[in-house]
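Visitor: Let me give you the structure first, and then I'll get to my questions.
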Amino acid sequence: MRRAFFLDRDGVINVDYGYVGHWSEFVFVPGVIPALSRLRQAGFLLILTTNQSGIGRGRYTESDFLYLTARMQRSLTAQGAQFDAIYYCPHHPQAQLAAYRRPCHGRKPQPGMLEQAAGDFNLDLTQCVMAGDHASDLQAAAAAGVERLYLVGENLKTEAVLVPGARCYQDLAALVAKEF
Ligand SMILES: [Mg+2]
Ligand SMILES: [Zn+2]
């Protein structure tokens with residue numbers, strides 16, 4: 001069985017300006033690309049799990065998201081830091097667009113995306129790691145059986161109290177430098 005490092009996107013990989021749906025708004029968090037490369041070298045599969053209710057809310061389209069994703073992957077690949085898989089959930093129970101309006105087991109804090117990845121890659125979830133900038137990221141991972149949980153980013157104060165077992169770092173670069 002394999003092990004993966006699960007990552008949230010907005011606020012971890014890129015600066016979270018709110019509903020980032022276009023490549024022109026996508027700014028990598030400083031230091032994140034070498035950190036991802038380091039994790040690949042350490043033998044982790046890199047798996048992105050991202051709630052994208054902006055699609056269901058009509059803030060940007062699914063094809064906008066896929067275009068941004070392709071550009072992001074191209075940049076990362078050039079530096080040996082690409083994701084092995086990307087899972088996203090476009091749904092929301094109150095989505096403006098009816099096609100996306102439903103509760104979804106994939107939407108964090110539900111564990112659906114991580115469970116899907118575990119099946120797709122034959123992962124031992126107890127050996128996997130999750131880094132996110134919101135409690136809901138870590139709650140999804142915990143619900144899937146991931147035990148090693150890291151909170152990073154600008155929301156540490158408000159989010160850390162919600163996940164008592166989480167370890168906290170300013171960003172992914174600091175986390176990786178210290179622990180991997
Ligand atoms: Mg986030
Ligand atoms: Zn979904």
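Simple scheme: letters A, B, ... for chains in structure tokens order, numbers from 1 for residues in each chain, numbers from 1 for ligands in the order shown.
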Quick one: residues within 12 Å of A:Thr158, only C-alpha atoms counted, chain neighbours fewer than 5 positions away excluded, as a list in words?
Guide: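 Contacts, with the query itself left out: Asp133, His134, Ala135, Leu151, Val152, Gly153, Val163, Pro164 and Cys168 of chain A.
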Visitor: If we count only C-alpha atoms and set the cut-off at 9 Å, which residues sit around stretch 53-62 of chain A, ignoring sequence neighbours fewer than 6 positions away in its own chain? Please answer as a ChimeraX atom specification.
Guide: /A:19-22,89-92,94-101,107
Visitor: I need the residues from that last selection saved to file as a PDB file, in the first residue's frame (with N, CA and C atoms), if you can.
Guide:
ATOM      1  N   TYR A  19     -12.861  32.463  -3.806  1.00  0.00           N
ATOM      2  CA  TYR A  19     -13.358  32.014  -5.109  1.00  0.00           C
ATOM      3  C   TYR A  19     -12.368  32.272  -6.243  1.00  0.00           C
ATOM      4  N   VAL A  20     -11.161  31.776  -6.065  1.00  0.00           N
ATOM      5  CA  VAL A  20     -10.154  31.868  -7.127  1.00  0.00           C
ATOM      6  C   VAL A  20     -10.519  30.858  -8.220  1.00  0.00           C
ATOM      7  N   GLY A  21     -10.957  31.370  -9.358  1.00  0.00           N
ATOM      8  CA  GLY A  21     -11.392  30.484 -10.439  1.00  0.00           C
ATOM      9  C   GLY A  21     -10.665  30.709 -11.740  1.00  0.00           C
ATOM     10  N   HIS A  22      -9.823  31.722 -11.774  1.00  0.00           N
ATOM     11  CA  HIS A  22      -9.135  32.076 -13.021  1.00  0.00           C
ATOM     12  C   HIS A  22      -7.629  32.094 -12.797  1.00  0.00           C
ATOM     13  N   CYS A  89     -14.738  19.064  -5.603  1.00  0.00           N
ATOM     14  CA  CYS A  89     -16.188  18.964  -5.443  1.00  0.00           C
ATOM     15  C   CYS A  89     -16.812  20.301  -5.816  1.00  0.00           C
ATOM     16  N   PRO A  90     -17.616  20.332  -6.878  1.00  0.00           N
ATOM     17  CA  PRO A  90     -18.242  21.585  -7.327  1.00  0.00           C
ATOM     18  C   PRO A  90     -19.583  21.859  -6.669  1.00  0.00           C
ATOM     19  N   HIS A  91     -20.018  20.957  -5.795  1.00  0.00           N
ATOM     20  CA  HIS A  91     -21.390  21.021  -5.284  1.00  0.00           C
ATOM     21  C   HIS A  91     -21.529  21.906  -4.059  1.00  0.00           C
ATOM     22  N   HIS A  92     -22.757  22.329  -3.814  1.00  0.00           N
ATOM     23  CA  HIS A  92     -23.112  22.988  -2.562  1.00  0.00           C
ATOM     24  C   HIS A  92     -24.625  22.838  -2.372  1.00  0.00           C
ATOM     25  N   GLN A  94     -26.751  24.835  -1.330  1.00  0.00           N
ATOM     26  CA  GLN A  94     -27.490  26.027  -1.763  1.00  0.00           C
ATOM     27  C   GLN A  94     -26.889  26.636  -3.038  1.00  0.00           C
ATOM     28  N   ALA A  95     -26.310  25.811  -3.884  1.00  0.00           N
ATOM     29  CA  ALA A  95     -25.715  26.329  -5.123  1.00  0.00           C
ATOM     30  C   ALA A  95     -26.749  27.063  -5.966  1.00  0.00           C
ATOM     31  N   GLN A  96     -26.328  28.146  -6.582  1.00  0.00           N
ATOM     32  CA  GLN A  96     -27.235  28.888  -7.459  1.00  0.00           C
ATOM     33  C   GLN A  96     -27.613  28.061  -8.685  1.00  0.00           C
ATOM     34  N   LEU A  97     -26.666  27.268  -9.177  1.00  0.00           N
ATOM     35  CA  LEU A  97     -26.912  26.463 -10.372  1.00  0.00           C
ATOM     36  C   LEU A  97     -27.476  25.105  -9.961  1.00  0.00           C
ATOM     37  N   ALA A  98     -28.668  24.802 -10.478  1.00  0.00           N
ATOM     38  CA  ALA A  98     -29.392  23.603 -10.036  1.00  0.00           C
ATOM     39  C   ALA A  98     -28.594  22.322 -10.264  1.00  0.00           C
ATOM     40  N   ALA A  99     -27.808  22.301 -11.317  1.00  0.00           N
ATOM     41  CA  ALA A  99     -27.051  21.084 -11.643  1.00  0.00           C
ATOM     42  C   ALA A  99     -26.059  20.719 -10.545  1.00  0.00           C
ATOM     43  N   TYR A 100     -25.666  21.691  -9.744  1.00  0.00           N
ATOM     44  CA  TYR A 100     -24.662  21.469  -8.695  1.00  0.00           C
ATOM     45  C   TYR A 100     -25.251  21.570  -7.297  1.00  0.00           C
ATOM     46  N   ARG A 101     -26.585  21.707  -7.196  1.00  0.00           N
ATOM     47  CA  ARG A 101     -27.211  21.973  -5.901  1.00  0.00           C
ATOM     48  C   ARG A 101     -27.588  20.676  -5.212  1.00  0.00           C
ATOM     49  N   ARG A 107     -17.815  16.787  -0.491  1.00  0.00           N
ATOM     50  CA  ARG A 107     -17.518  18.137   0.002  1.00  0.00           C
ATOM     51  C   ARG A 107     -16.989  18.067   1.429  1.00  0.00           C
TER      52      ARG A 107
END
Visitor: Identify, with DSSP run on backbone atoms, the residues in stretch 77-137 of chain A assigned to alpha helix (DSSP H), and express the list as an MDAnalysis selection string.
Guide: chainID A and resid 77 112:121 135:137
Visitor: Could you check which of A:Ala70, A:Val15, A:Cys128, A:Ala35 is closest to ligand 1, using only C-alpha atoms and all ligand atoms?
Guide: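 Selected residue with least distance to ligand 1: A:Val15.
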Visitor: Rank A:Leu156, A:Ala78, A:Ala118, A:Leu66 by their smallest atom-to-atom distance to ligand 1, using only C-alpha atoms and all ligand atoms, and report the top residue only.
Guide: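 Nearest candidate to ligand 1 out of A:Leu156, A:Ala78, A:Ala118, A:Leu66: A:Leu156.
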Visitor: From the DSSP assignment of the backbone, select every residue of chain A that is strand (DSSP E), and format the answer as an NGL selection string.
Guide: :A and (4-7 or 45-51 or 85-89 or 129-132 or 148-152 or 167-169)
Visitor: Which residues form the shell of 7 Å around ligand 1 when you count only C-alpha atoms and all ligand atoms, given as a PDB file with N, CA and C atoms, in the first residue's frame?
Guide:
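Wrote it out as pocket14.pdb, contents follow:
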ATOM      1  N   ASP A   8      -5.103  20.620   0.762  1.00  0.00           N
ATOM      2  CA  ASP A   8      -6.134  21.555   0.325  1.00  0.00           C
ATOM      3  C   ASP A   8      -5.484  22.529  -0.664  1.00  0.00           C
ATOM      4  N   ARG A   9      -6.279  23.203  -1.478  1.00  0.00           N
ATOM      5  CA  ARG A   9      -5.688  24.129  -2.450  1.00  0.00           C
ATOM      6  C   ARG A   9      -5.674  25.570  -1.915  1.00  0.00           C
ATOM      7  N   ASP A  10      -6.844  26.199  -1.887  1.00  0.00           N
ATOM      8  CA  ASP A  10      -6.903  27.633  -1.556  1.00  0.00           C
ATOM      9  C   ASP A  10      -6.432  27.892  -0.123  1.00  0.00           C
ATOM     10  N   GLY A  11      -5.446  28.753   0.021  1.00  0.00           N
ATOM     11  CA  GLY A  11      -4.903  29.057   1.339  1.00  0.00           C
ATOM     12  C   GLY A  11      -3.725  28.179   1.726  1.00  0.00           C
ATOM     13  N   VAL A  12      -3.465  27.145   0.913  1.00  0.00           N
ATOM     14  CA  VAL A  12      -2.320  26.260   1.166  1.00  0.00           C
ATOM     15  C   VAL A  12      -1.365  26.302  -0.023  1.00  0.00           C
ATOM     16  N   GLY A 132      -4.209  21.448   5.616  1.00  0.00           N
ATOM     17  CA  GLY A 132      -5.254  22.351   5.152  1.00  0.00           C
ATOM     18  C   GLY A 132      -5.257  23.616   5.974  1.00  0.00           C
ATOM     19  N   ASP A 133      -5.998  24.602   5.499  1.00  0.00           N
ATOM     20  CA  ASP A 133      -6.051  25.874   6.236  1.00  0.00           C
ATOM     21  C   ASP A 133      -7.366  26.078   6.961  1.00  0.00           C
ATOM     22  N   HIS A 134      -8.254  25.094   6.888  1.00  0.00           N
ATOM     23  CA  HIS A 134      -9.502  25.162   7.640  1.00  0.00           C
ATOM     24  C   HIS A 134      -9.737  23.849   8.386  1.00  0.00           C
TER      25      HIS A 134
END
Visitor: Go through A:Lys157, A:Arg167, A:Lys178, A:Arg102 and flag the residue nearest ligand 2, using only C-alpha atoms and all ligand atoms for the distances.
Guide: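 Counting only C-alpha atoms and all ligand atoms, the residue closest to ligand 2 is A:Arg102.
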Visitor: For A:Val129, work out the shell of residues within 7 Å, counting only C-alpha atoms and skipping chain neighbours fewer than 3 positions away, then give it as a CSV table (one decimal) with N, CA and C atoms, in the first residue's frame.
Guide:
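So the final result, stored in selection_32.csv, reads:
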chain,number,residue,atom,x,y,z
A,4,ALA,N,0.1,8.9,0.9
A,4,ALA,CA,-0.1,10.1,0.2
A,4,ALA,C,-0.1,11.3,1.2
A,5,PHE,N,0.3,12.4,0.6
A,5,PHE,CA,0.2,13.7,1.4
A,5,PHE,C,-1.0,14.4,0.7
A,6,PHE,N,-2.1,14.5,1.5
A,6,PHE,CA,-3.3,15.2,1.0
A,6,PHE,C,-3.1,16.7,1.2
A,146,VAL,N,-7.3,9.4,8.4
A,146,VAL,CA,-5.9,10.0,8.4
A,146,VAL,C,-5.7,10.5,9.8
A,148,ARG,N,-2.4,12.0,10.9
A,148,ARG,CA,-1.4,13.0,11.0
A,148,ARG,C,-2.0,14.3,10.3
A,149,LEU,N,-2.4,15.3,11.1
A,149,LEU,CA,-3.1,16.4,10.6
A,149,LEU,C,-2.4,17.7,10.9
Visitor: So that I can see what lies close to A:Ala143, please list as a list in words the residues with an atom at most 10 Å from it, counting only C-alpha atoms and leaving out residues fewer than 4 positions away in the same chain.
Guide: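 Here the answer would be Lys108, Pro109, Gln110, Pro111, Gly112, Leu114, Glu115, Leu138, Gln139 and Glu147 of chain A.
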Visitor: Give me, please, the distance in Å between atom CA of A:Arg74 and atom CA of A:Ala174, quoted to one decimal.
Guide: 24.1 Å
Visitor: Tell me, in Å to one decimal, how far atom CA of A:Ala160 is from atom CA of A:Thr69.
Guide: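 Distance reported for this atom pair: 28.7 Å.
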Visitor: So, with only C-alpha atoms and all ligand atoms as the atoms that count, which of A:Ala166, A:Val27, A:Ile86, A:Cys104 lies closest to ligand 2?
Guide: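 For ligand 2, the nearest of the candidates is A:Cys104.
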Visitor: Atom CA of A:Ala140 and atom CA of A:Phe44, how far apart in Å?
Guide: 19.1 Å
Visitor: Quick one: residues within 12 Å of A:Gly43, only C-alpha atoms counted, chain neighbours fewer than 6 positions away excluded, as a PyMOL selection string?
Guide: chain A and resi 2-5+36-37+84+127-128+180
Visitor: With distances taken over only C-alpha atoms and all ligand atoms, which residue among A:Asp171, A:Thr50, A:Glu179, A:Met72 lies nearest ligand 2?
Guide: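 Going through A:Asp171, A:Thr50, A:Glu179, A:Met72 one by one, the smallest distance to ligand 2 is for A:Thr50.
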Visitor: Using only C-alpha atoms and all ligand atoms, which residue out of A:Gly18, A:Gly165, A:Gly119, A:Gly106 lies closest to ligand 2?
Guide: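 Looking only at the distances to ligand 2, the closest residue turns out to be A:Gly106.
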